[in-house]
Amino acid sequence: MAEELRNLIDRKYVSEVGKELKLLIPNVSIECFVQRTMISWSDLGLNQRVSALRRSMEFYLPDEYNEAREYILMLAPKLNSGYAAVFIPEYISRKGLDSPNEALEDLAYVTRFSTSEFAIRPFLEKYPEQSMQQMLAWTSDENEHVRRLASEGCRPRLPWGGSLKNFIQDPSPIFPILEKLKSDSSLYVRKSVANNLNDISKDHPGRVLEIAQKWAGHSKHTDWILKRGLRSLLKEGRPEALQLFGYGIGNQFELQNVSFSSSEIEWESHLFWEFEVKNPKTEQMKLRLEYKMHFKRKHGSNAKVFQIGEYELNPNESLQLQRKHSFKELSTRKHQPGVHKIELMVNGLARFEHSFTLKPMK
């Protein structure tokens with residue numbers, strides 16, 4: 001994802017920014033703007049390219065934020081280029097930090113054309129009460145991008161956005177915002193609310209479970225948020241989370257005819273397995289199947305849970321399944337040869353395990 005976004009900020013895009021900026025500030029030299037921005041361009045990562053664009057724009061803007069803001073507010077809708085234009089909210093967060101009233105208003109405006117989720121965080125750290133009060137007000141905005149900013153901007157563990165230590169320690173200020181958005185009509189907003197809950201669950205699972213008990217059944221949108229927001233707790237096999245969605249104890253099911261392809265697999269090949277699950281009870285039961293892969297690492301091992309599926313089995317009904325797991329090398333996933341282990345999980349409970357050896361590369 002980062003590489004795809006990085007490639008969006010190319011010479012053509014930088015030139016387009018320069019052209020639009022020149023329409024607002026006639027003394028801008030498009031050629032100089034491009035040259036200034038693209039120094040050592042091929043070596044710059046995504047965020048470095050964003051910052052390079054921001055610095056080049058800043059060079060042509062007035063030094064005082066309150067004088068410069070009229071230009072960035074005109075520039076943002078002209079670009080309307082999603083993440084590529086995140087250099088504009090970055091400028092606001094750096095130059096407008098001492099003008100919170102104006103800057104927060106500007107962040108809400110430019111997020112419609114890019115995203116201010118990262119730029120809002122310095123304000124949350126420096127002006128937590130004012131910022132959260134403003135974000136609570138944004139939950140009633142007619143624009144879904146602004147409502148999403150209210151939730152996404154205060155996520156305790158926002159990817160690429162760093163951690164908000166105060167909210168990791170105490171997420172209480174976040175809950176009024178999530179409460180207002182728990183039945184939002186926009187899927188874009190609901191995904192953010194769910195991700196915020198999932199962030200909080202990593203440090204305060206009990207608090208999130210309390211909210212889930214309170215919200216459950218409020219609306220179909222709220223139930224969707226809860227299912228996604230409690231995903232980490234479900235993967236951990238938390239009984240309270242599983243019970244909330246109607247999953248009983250995993251040992252109520254019969255796990256039968258488990259078979260794995262081999263105890264040794266070749267480098268970059270697959271592990272295959274098949275198994276059968278039966279509901280021996282006299283009533284229908286919900287079934288959640290996962291597998292936990294314990295990967296060998298250079299120092300020890302680490303485990304990752306993968307979902308197989310969710311089902312409803314009638315009395316005495318059986319389900320036969322075949323699955324495979326790829327050990328192909330990816331940029332985001334590297335493997336170590338040696339002994340690995342897989343566990344088959346039924347409603348959060350490990351019911352079967354199998355050890356196997358991944359052979360080294362030939």
# chains A, B, ... in the order shown; residues from 1 in each chain; ligands from 1
call {"tool": "residues_around", "arguments": {"residues": "Leu158 in chain A", "least_positions_apart": "2", "cutoff": "12 Å", "atoms": "only C-alpha atoms", "output": "mmCIF file with C-alpha atoms, in the first residue's frame"}}
result
data_model
loop_
_atom_site.group_PDB
_atom_site.id
_atom_site.type_symbol
_atom_site.label_atom_id
_atom_site.label_comp_id
_atom_site.auth_asym_id
_atom_site.auth_seq_id
_atom_site.Cartn_x
_atom_site.Cartn_y
_atom_site.Cartn_z
ATOM 1 C CA GLU A 117 -6.211 12.004 10.323
ATOM 2 C CA PHE A 118 -2.452 12.360 10.837
ATOM 3 C CA ALA A 119 -2.323 16.154 10.991
ATOM 4 C CA ILE A 120 -4.862 16.333 13.832
ATOM 5 C CA ARG A 121 -2.655 14.372 16.209
ATOM 6 C CA LEU A 149 -11.947 12.383 10.951
ATOM 7 C CA SER A 151 -13.053 8.912 14.900
ATOM 8 C CA GLU A 152 -9.955 8.155 12.828
ATOM 9 C CA GLY A 153 -7.993 11.100 14.165
ATOM 10 C CA CYS A 154 -8.226 9.957 17.795
ATOM 11 C CA ARG A 155 -7.434 6.280 17.265
ATOM 12 C CA PRO A 156 -4.917 5.367 19.984
ATOM 13 C CA TRP A 160 1.424 5.548 10.182
ATOM 14 C CA GLY A 161 0.114 8.058 12.717
ATOM 15 C CA GLY A 162 1.990 6.962 15.813
ATOM 16 C CA SER A 163 0.459 6.318 19.218
ATOM 17 C CA LEU A 164 -1.500 8.702 21.415
ATOM 18 C CA LYS A 165 -0.081 7.724 24.791
ATOM 19 C CA PHE A 167 -5.512 7.692 25.055
ATOM 20 C CA ILE A 168 -3.690 4.392 25.334
ATOM 21 C CA SER A 192 -13.194 3.916 11.388
ATOM 22 C CA ASN A 195 -10.935 0.226 13.968
ATOM 23 C CA ASN A 196 -10.917 2.652 16.875
ATOM 24 C CA LEU A 197 -12.632 0.075 19.088
ATOM 25 C CA ASN A 198 -10.144 -2.549 17.958
ATOM 26 C CA ASP A 199 -7.259 -0.235 18.886
ATOM 27 C CA ILE A 200 -8.726 0.317 22.346
#
call {"tool": "closest_atom_pairs", "arguments": {"of": "range 43-103 of chain A", "to": "range 10-17 of chain A", "cutoff": "12 Å", "atoms": "only C-alpha atoms", "output": "JSON lines"}}
result
{"residue": "A:Leu44", "atom": "CA", "partner": "A:Asp10", "partner_atom": "CA", "distance": 11.1}
{"residue": "A:Gly45", "atom": "CA", "partner": "A:Asp10", "partner_atom": "CA", "distance": 11.7}
{"residue": "A:Leu46", "atom": "CA", "partner": "A:Asp10", "partner_atom": "CA", "distance": 10.7}
{"residue": "A:Arg49", "atom": "CA", "partner": "A:Asp10", "partner_atom": "CA", "distance": 9.0}
{"residue": "A:Val50", "atom": "CA", "partner": "A:Val14", "partner_atom": "CA", "distance": 10.2}
{"residue": "A:Ala52", "atom": "CA", "partner": "A:Val14", "partner_atom": "CA", "distance": 10.0}
{"residue": "A:Leu53", "atom": "CA", "partner": "A:Val14", "partner_atom": "CA", "distance": 7.4}
{"residue": "A:Arg54", "atom": "CA", "partner": "A:Val17", "partner_atom": "CA", "distance": 10.5}
{"residue": "A:Ser56", "atom": "CA", "partner": "A:Val14", "partner_atom": "CA", "distance": 9.9}
{"residue": "A:Met57", "atom": "CA", "partner": "A:Val17", "partner_atom": "CA", "distance": 8.7}
{"residue": "A:Ile72", "atom": "CA", "partner": "A:Val17", "partner_atom": "CA", "distance": 11.4}
{"residue": "A:Leu75", "atom": "CA", "partner": "A:Val17", "partner_atom": "CA", "distance": 8.6}
{"residue": "A:Ala76", "atom": "CA", "partner": "A:Val17", "partner_atom": "CA", "distance": 9.9}
{"residue": "A:Pro77", "atom": "CA", "partner": "A:Val17", "partner_atom": "CA", "distance": 11.7}
{"residue": "A:Lys78", "atom": "CA", "partner": "A:Val17", "partner_atom": "CA", "distance": 9.1}
{"residue": "A:Leu79", "atom": "CA", "partner": "A:Val17", "partner_atom": "CA", "distance": 7.2}
{"residue": "A:Asn80", "atom": "CA", "partner": "A:Val17", "partner_atom": "CA", "distance": 10.8}
{"residue": "A:Ser81", "atom": "CA", "partner": "A:Tyr13", "partner_atom": "CA", "distance": 9.4}
{"residue": "A:Ala84", "atom": "CA", "partner": "A:Tyr13", "partner_atom": "CA", "distance": 8.5}
{"residue": "A:Ala85", "atom": "CA", "partner": "A:Val17", "partner_atom": "CA", "distance": 9.0}
{"residue": "A:Phe87", "atom": "CA", "partner": "A:Val17", "partner_atom": "CA", "distance": 10.7}
{"residue": "A:Ile88", "atom": "CA", "partner": "A:Val17", "partner_atom": "CA", "distance": 10.9}
call {"tool": "residues_around", "arguments": {"residues": "range 327-343 of chain A", "least_positions_apart": "6", "cutoff": "9 Å", "atoms": "only C-alpha atoms", "output": "JSON, numbers by chain"}}
result
{"A": [264, 266, 267, 268, 269, 270, 271, 290, 291, 292, 293, 294, 295, 296, 297, 298, 301, 350, 351, 352, 353, 354, 355, 356, 357, 358, 359, 360, 361]}
call {"tool": "write_last_selection", "arguments": {"atoms": "N, CA and C atoms", "output": "PDB file, in the first residue's frame"}}
result
ATOM      1  N   GLU A 264       6.547 -32.588   6.244  1.00  0.00           N
ATOM      2  CA  GLU A 264       7.610 -31.779   5.654  1.00  0.00           C
ATOM      3  C   GLU A 264       7.091 -31.129   4.380  1.00  0.00           C
ATOM      4  N   GLU A 266       8.122 -28.288   1.089  1.00  0.00           N
ATOM      5  CA  GLU A 266       9.213 -27.624   0.382  1.00  0.00           C
ATOM      6  C   GLU A 266       9.127 -26.104   0.572  1.00  0.00           C
ATOM      7  N   TRP A 267      10.252 -25.449   0.400  1.00  0.00           N
ATOM      8  CA  TRP A 267      10.320 -23.991   0.500  1.00  0.00           C
ATOM      9  C   TRP A 267       9.376 -23.349  -0.527  1.00  0.00           C
ATOM     10  N   GLU A 268       8.600 -22.377  -0.086  1.00  0.00           N
ATOM     11  CA  GLU A 268       7.637 -21.626  -0.909  1.00  0.00           C
ATOM     12  C   GLU A 268       6.517 -22.513  -1.469  1.00  0.00           C
ATOM     13  N   SER A 269       6.226 -23.605  -0.777  1.00  0.00           N
ATOM     14  CA  SER A 269       5.108 -24.443  -1.207  1.00  0.00           C
ATOM     15  C   SER A 269       3.925 -24.231  -0.264  1.00  0.00           C
ATOM     16  N   HIS A 270       3.004 -25.204  -0.201  1.00  0.00           N
ATOM     17  CA  HIS A 270       1.791 -25.086   0.600  1.00  0.00           C
ATOM     18  C   HIS A 270       1.681 -26.226   1.603  1.00  0.00           C
ATOM     19  N   LEU A 271       1.024 -25.935   2.702  1.00  0.00           N
ATOM     20  CA  LEU A 271       0.584 -26.964   3.631  1.00  0.00           C
ATOM     21  C   LEU A 271      -0.912 -27.170   3.388  1.00  0.00           C
ATOM     22  N   GLU A 290     -10.992 -21.204  12.773  1.00  0.00           N
ATOM     23  CA  GLU A 290      -9.765 -20.483  12.491  1.00  0.00           C
ATOM     24  C   GLU A 290      -8.601 -21.462  12.597  1.00  0.00           C
ATOM     25  N   TYR A 291      -7.460 -21.017  12.152  1.00  0.00           N
ATOM     26  CA  TYR A 291      -6.248 -21.764  12.468  1.00  0.00           C
ATOM     27  C   TYR A 291      -5.178 -20.797  12.923  1.00  0.00           C
ATOM     28  N   LYS A 292      -4.388 -21.238  13.880  1.00  0.00           N
ATOM     29  CA  LYS A 292      -3.304 -20.424  14.416  1.00  0.00           C
ATOM     30  C   LYS A 292      -1.984 -21.032  13.953  1.00  0.00           C
ATOM     31  N   MET A 293      -1.250 -20.237  13.185  1.00  0.00           N
ATOM     32  CA  MET A 293       0.029 -20.705  12.669  1.00  0.00           C
ATOM     33  C   MET A 293       1.155 -20.155  13.543  1.00  0.00           C
ATOM     34  N   HIS A 294       1.952 -21.049  14.096  1.00  0.00           N
ATOM     35  CA  HIS A 294       3.111 -20.671  14.902  1.00  0.00           C
ATOM     36  C   HIS A 294       4.340 -20.703  13.990  1.00  0.00           C
ATOM     37  N   PHE A 295       4.775 -19.533  13.567  1.00  0.00           N
ATOM     38  CA  PHE A 295       5.895 -19.433  12.640  1.00  0.00           C
ATOM     39  C   PHE A 295       7.224 -19.471  13.398  1.00  0.00           C
ATOM     40  N   LYS A 296       8.140 -20.235  12.869  1.00  0.00           N
ATOM     41  CA  LYS A 296       9.495 -20.223  13.421  1.00  0.00           C
ATOM     42  C   LYS A 296      10.174 -18.925  13.003  1.00  0.00           C
ATOM     43  N   ARG A 297      10.847 -18.301  13.956  1.00  0.00           N
ATOM     44  CA  ARG A 297      11.602 -17.088  13.677  1.00  0.00           C
ATOM     45  C   ARG A 297      13.061 -17.307  14.063  1.00  0.00           C
ATOM     46  N   LYS A 298      13.896 -16.344  13.742  1.00  0.00           N
ATOM     47  CA  LYS A 298      15.312 -16.479  14.083  1.00  0.00           C
ATOM     48  C   LYS A 298      15.496 -16.648  15.579  1.00  0.00           C
ATOM     49  N   SER A 301       9.516 -17.943  18.188  1.00  0.00           N
ATOM     50  CA  SER A 301       8.431 -18.083  17.230  1.00  0.00           C
ATOM     51  C   SER A 301       7.374 -17.017  17.508  1.00  0.00           C
ATOM     52  N   ALA A 350      -8.395 -24.233  20.908  1.00  0.00           N
ATOM     53  CA  ALA A 350      -7.503 -25.089  20.133  1.00  0.00           C
ATOM     54  C   ALA A 350      -7.933 -26.545  20.299  1.00  0.00           C
ATOM     55  N   ARG A 351      -8.270 -27.193  19.187  1.00  0.00           N
ATOM     56  CA  ARG A 351      -8.772 -28.562  19.254  1.00  0.00           C
ATOM     57  C   ARG A 351      -7.816 -29.581  18.639  1.00  0.00           C
ATOM     58  N   PHE A 352      -6.869 -29.119  17.820  1.00  0.00           N
ATOM     59  CA  PHE A 352      -5.948 -30.063  17.188  1.00  0.00           C
ATOM     60  C   PHE A 352      -4.692 -29.301  16.803  1.00  0.00           C
ATOM     61  N   GLU A 353      -3.544 -29.942  16.961  1.00  0.00           N
ATOM     62  CA  GLU A 353      -2.307 -29.302  16.538  1.00  0.00           C
ATOM     63  C   GLU A 353      -1.455 -30.272  15.734  1.00  0.00           C
ATOM     64  N   HIS A 354      -0.667 -29.694  14.841  1.00  0.00           N
ATOM     65  CA  HIS A 354       0.181 -30.480  13.951  1.00  0.00           C
ATOM     66  C   HIS A 354       1.489 -29.736  13.745  1.00  0.00           C
ATOM     67  N   SER A 355       2.598 -30.413  13.982  1.00  0.00           N
ATOM     68  CA  SER A 355       3.913 -29.840  13.753  1.00  0.00           C
ATOM     69  C   SER A 355       4.461 -30.322  12.412  1.00  0.00           C
ATOM     70  N   PHE A 356       5.162 -29.454  11.720  1.00  0.00           N
ATOM     71  CA  PHE A 356       5.710 -29.799  10.416  1.00  0.00           C
ATOM     72  C   PHE A 356       6.994 -29.001  10.197  1.00  0.00           C
ATOM     73  N   THR A 357       7.782 -29.458   9.260  1.00  0.00           N
ATOM     74  CA  THR A 357       9.067 -28.821   8.978  1.00  0.00           C
ATOM     75  C   THR A 357       9.035 -28.147   7.618  1.00  0.00           C
ATOM     76  N   LEU A 358       9.388 -26.878   7.596  1.00  0.00           N
ATOM     77  CA  LEU A 358       9.560 -26.157   6.338  1.00  0.00           C
ATOM     78  C   LEU A 358      11.015 -26.317   5.919  1.00  0.00           C
ATOM     79  N   LYS A 359      11.226 -26.966   4.780  1.00  0.00           N
ATOM     80  CA  LYS A 359      12.586 -27.228   4.315  1.00  0.00           C
ATOM     81  C   LYS A 359      13.258 -25.932   3.855  1.00  0.00           C
ATOM     82  N   PRO A 360      14.571 -25.867   3.961  1.00  0.00           N
ATOM     83  CA  PRO A 360      15.275 -24.650   3.509  1.00  0.00           C
ATOM     84  C   PRO A 360      15.244 -24.512   2.000  1.00  0.00           C
ATOM     85  N   MET A 361      15.518 -23.300   1.547  1.00  0.00           N
ATOM     86  CA  MET A 361      15.580 -23.027   0.114  1.00  0.00           C
ATOM     87  C   MET A 361      16.704 -23.838  -0.520  1.00  0.00           C
TER      88      MET A 361
END
call {"tool": "closest_residue", "arguments": {"among": "A:Gly18, A:Pro159, A:Pro205, A:Gly246", "to": "Leu233 in chain A", "atoms": "only C-alpha atoms"}}
result
A:Pro205
call {"tool": "select_by_dssp", "arguments": {"residues": "range 158-290 of chain A", "states": "helix (DSSP H, G or I)", "output": "VMD selection string"}}
result
chain A and resid 165 to 169 172 to 181 187 to 201 205 to 215 220 to 229 231 to 235 239 to 244 250 to 252
call {"tool": "atom_distance", "arguments": {"atom1": "CA of Ala150 in chain A", "atom2": "CA of Leu5 in chain A"}}
result
23.3 Å
call {"tool": "residues_around", "arguments": {"residues": "Leu234 in chain A", "least_positions_apart": "3", "cutoff": "12 Å", "atoms": "only C-alpha atoms", "output": "VMD selection string"}}
result
chain A and resid 198 201 to 202 205 209 226 to 231 237 to 247 288 to 290 305 to 307 345 to 349
call {"tool": "write_last_selection", "arguments": {"atoms": "C-alpha atoms", "output": "PDB file, in the first residue's frame"}}
result
ATOM      1  CA  ASN A 198     -10.144  -2.549  17.958  1.00  0.00           C
ATOM      2  CA  SER A 201      -9.343  -3.413  22.859  1.00  0.00           C
ATOM      3  CA  LYS A 202      -5.600  -4.084  22.718  1.00  0.00           C
ATOM      4  CA  PRO A 205     -10.427  -5.250  26.493  1.00  0.00           C
ATOM      5  CA  LEU A 209     -16.566  -5.538  26.058  1.00  0.00           C
ATOM      6  CA  LEU A 226     -19.007  -4.510  16.923  1.00  0.00           C
ATOM      7  CA  LYS A 227     -18.163  -7.576  14.851  1.00  0.00           C
ATOM      8  CA  ARG A 228     -15.282  -5.746  13.192  1.00  0.00           C
ATOM      9  CA  GLY A 229     -14.276  -3.805  16.284  1.00  0.00           C
ATOM     10  CA  LEU A 230     -13.954  -6.930  18.430  1.00  0.00           C
ATOM     11  CA  ARG A 231     -11.991  -8.880  15.825  1.00  0.00           C
ATOM     12  CA  GLY A 237     -10.732 -16.572  21.764  1.00  0.00           C
ATOM     13  CA  ARG A 238     -12.138 -14.285  24.465  1.00  0.00           C
ATOM     14  CA  PRO A 239     -15.220 -16.140  25.767  1.00  0.00           C
ATOM     15  CA  GLU A 240     -17.130 -12.887  26.429  1.00  0.00           C
ATOM     16  CA  ALA A 241     -16.601 -11.719  22.842  1.00  0.00           C
ATOM     17  CA  LEU A 242     -17.524 -15.103  21.375  1.00  0.00           C
ATOM     18  CA  GLN A 243     -20.660 -15.375  23.504  1.00  0.00           C
ATOM     19  CA  LEU A 244     -21.734 -11.894  22.450  1.00  0.00           C
ATOM     20  CA  PHE A 245     -22.067 -13.168  18.875  1.00  0.00           C
ATOM     21  CA  GLY A 246     -23.674 -16.456  19.831  1.00  0.00           C
ATOM     22  CA  TYR A 247     -20.680 -18.774  19.721  1.00  0.00           C
ATOM     23  CA  ARG A 288     -16.322 -20.103  14.035  1.00  0.00           C
ATOM     24  CA  LEU A 289     -13.304 -21.848  12.529  1.00  0.00           C
ATOM     25  CA  GLU A 290      -9.765 -20.483  12.491  1.00  0.00           C
ATOM     26  CA  VAL A 305      -4.542 -16.407  13.599  1.00  0.00           C
ATOM     27  CA  PHE A 306      -6.224 -16.875  10.202  1.00  0.00           C
ATOM     28  CA  GLN A 307      -9.969 -17.191   9.799  1.00  0.00           C
ATOM     29  CA  MET A 345      -9.373 -23.462  16.452  1.00  0.00           C
ATOM     30  CA  VAL A 346     -13.072 -24.128  17.052  1.00  0.00           C
ATOM     31  CA  ASN A 347     -14.925 -21.179  18.602  1.00  0.00           C
ATOM     32  CA  GLY A 348     -11.659 -19.850  19.979  1.00  0.00           C
ATOM     33  CA  LEU A 349     -10.533 -23.167  21.449  1.00  0.00           C
TER      34      LEU A 349
END
call {"tool": "atom_distance", "arguments": {"atom1": "CA of Arg148 in chain A", "atom2": "CA of Met135 in chain A"}}
result
9.7 Å
call {"tool": "residues_around", "arguments": {"residues": "Glu58 in chain A", "least_positions_apart": "4", "cutoff": "12 Å", "atoms": "only C-alpha atoms", "output": "list in words"}}
result
Gly18, Leu21, Ile25, Val28, Phe33, Arg36, Thr37, Ser51, Ala52, Leu53, Arg54, Pro62, Asp63, Glu64, Tyr65, Ala68, Arg69, Tyr71, Ile72, Phe87, Ile88, Glu90, Tyr91, Ile92, Arg94 and Lys95 of chain A
call {"tool": "select_by_dssp", "arguments": {"residues": "range 136-353 of chain A", "states": "strand (DSSP E or B)", "output": "PyMOL selection string"}}
result
chain A and resi 157-158+162-163+247+254-260+264-265+270-278+285-296+301-313+318-326+330+333+338-346+349-353
call {"tool": "closest_residue", "arguments": {"among": "A:Tyr311, A:Phe275, A:Tyr60, A:Phe175", "to": "Ile30 in chain A", "atoms": "only C-alpha atoms"}}
result
A:Tyr60
call {"tool": "residues_around", "arguments": {"residues": "Glu105 in chain A", "least_positions_apart": "4", "cutoff": "12 Å", "atoms": "only C-alpha atoms", "output": "list of chain:residue names"}}
result
A:Arg69, A:Leu73, A:Pro89, A:Ile92, A:Ser93, A:Gly96, A:Ser99, A:Pro100, A:Asn101, A:Tyr109, A:Val110, A:Thr111, A:Ser116, A:Ile120, A:Phe123, A:Gln130, A:Ser131, A:Gln134, A:Met135, A:Ala137, A:Trp138, A:Val146
call {"tool": "residues_around", "arguments": {"residues": "range 254-262 of chain A", "least_positions_apart": "5", "cutoff": "7 Å", "atoms": "only C-alpha atoms", "output": "ChimeraX atom specification"}}
result
/A:271-280
call {"tool": "write_last_selection", "arguments": {"atoms": "C-alpha atoms", "output": "PDB file, in the first residue's frame"}}
result
ATOM      1  CA  LEU A 271       0.584 -26.964   3.631  1.00  0.00           C
ATOM      2  CA  PHE A 272      -2.705 -28.736   2.844  1.00  0.00           C
ATOM      3  CA  TRP A 273      -5.175 -30.187   5.306  1.00  0.00           C
ATOM      4  CA  GLU A 274      -8.749 -31.427   5.560  1.00  0.00           C
ATOM      5  CA  PHE A 275     -11.077 -32.056   8.450  1.00  0.00           C
ATOM      6  CA  GLU A 276     -14.678 -32.534   9.484  1.00  0.00           C
ATOM      7  CA  VAL A 277     -16.695 -30.747  12.156  1.00  0.00           C
ATOM      8  CA  LYS A 278     -19.951 -32.169  13.510  1.00  0.00           C
ATOM      9  CA  ASN A 279     -22.668 -30.675  15.681  1.00  0.00           C
ATOM     10  CA  PRO A 280     -23.707 -33.542  17.966  1.00  0.00           C
TER      11      PRO A 280
END
call {"tool": "closest_residue", "arguments": {"among": "A:Arg55, A:Leu24, A:Lys304, A:Phe253", "to": "Met38 in chain A", "atoms": "only C-alpha atoms"}}
result
A:Arg55
call {"tool": "closest_residue", "arguments": {"among": "A:Ser29, A:Leu287, A:Lys19, A:Lys220", "to": "Gly250 in chain A", "atoms": "only C-alpha atoms"}}
result
A:Leu287
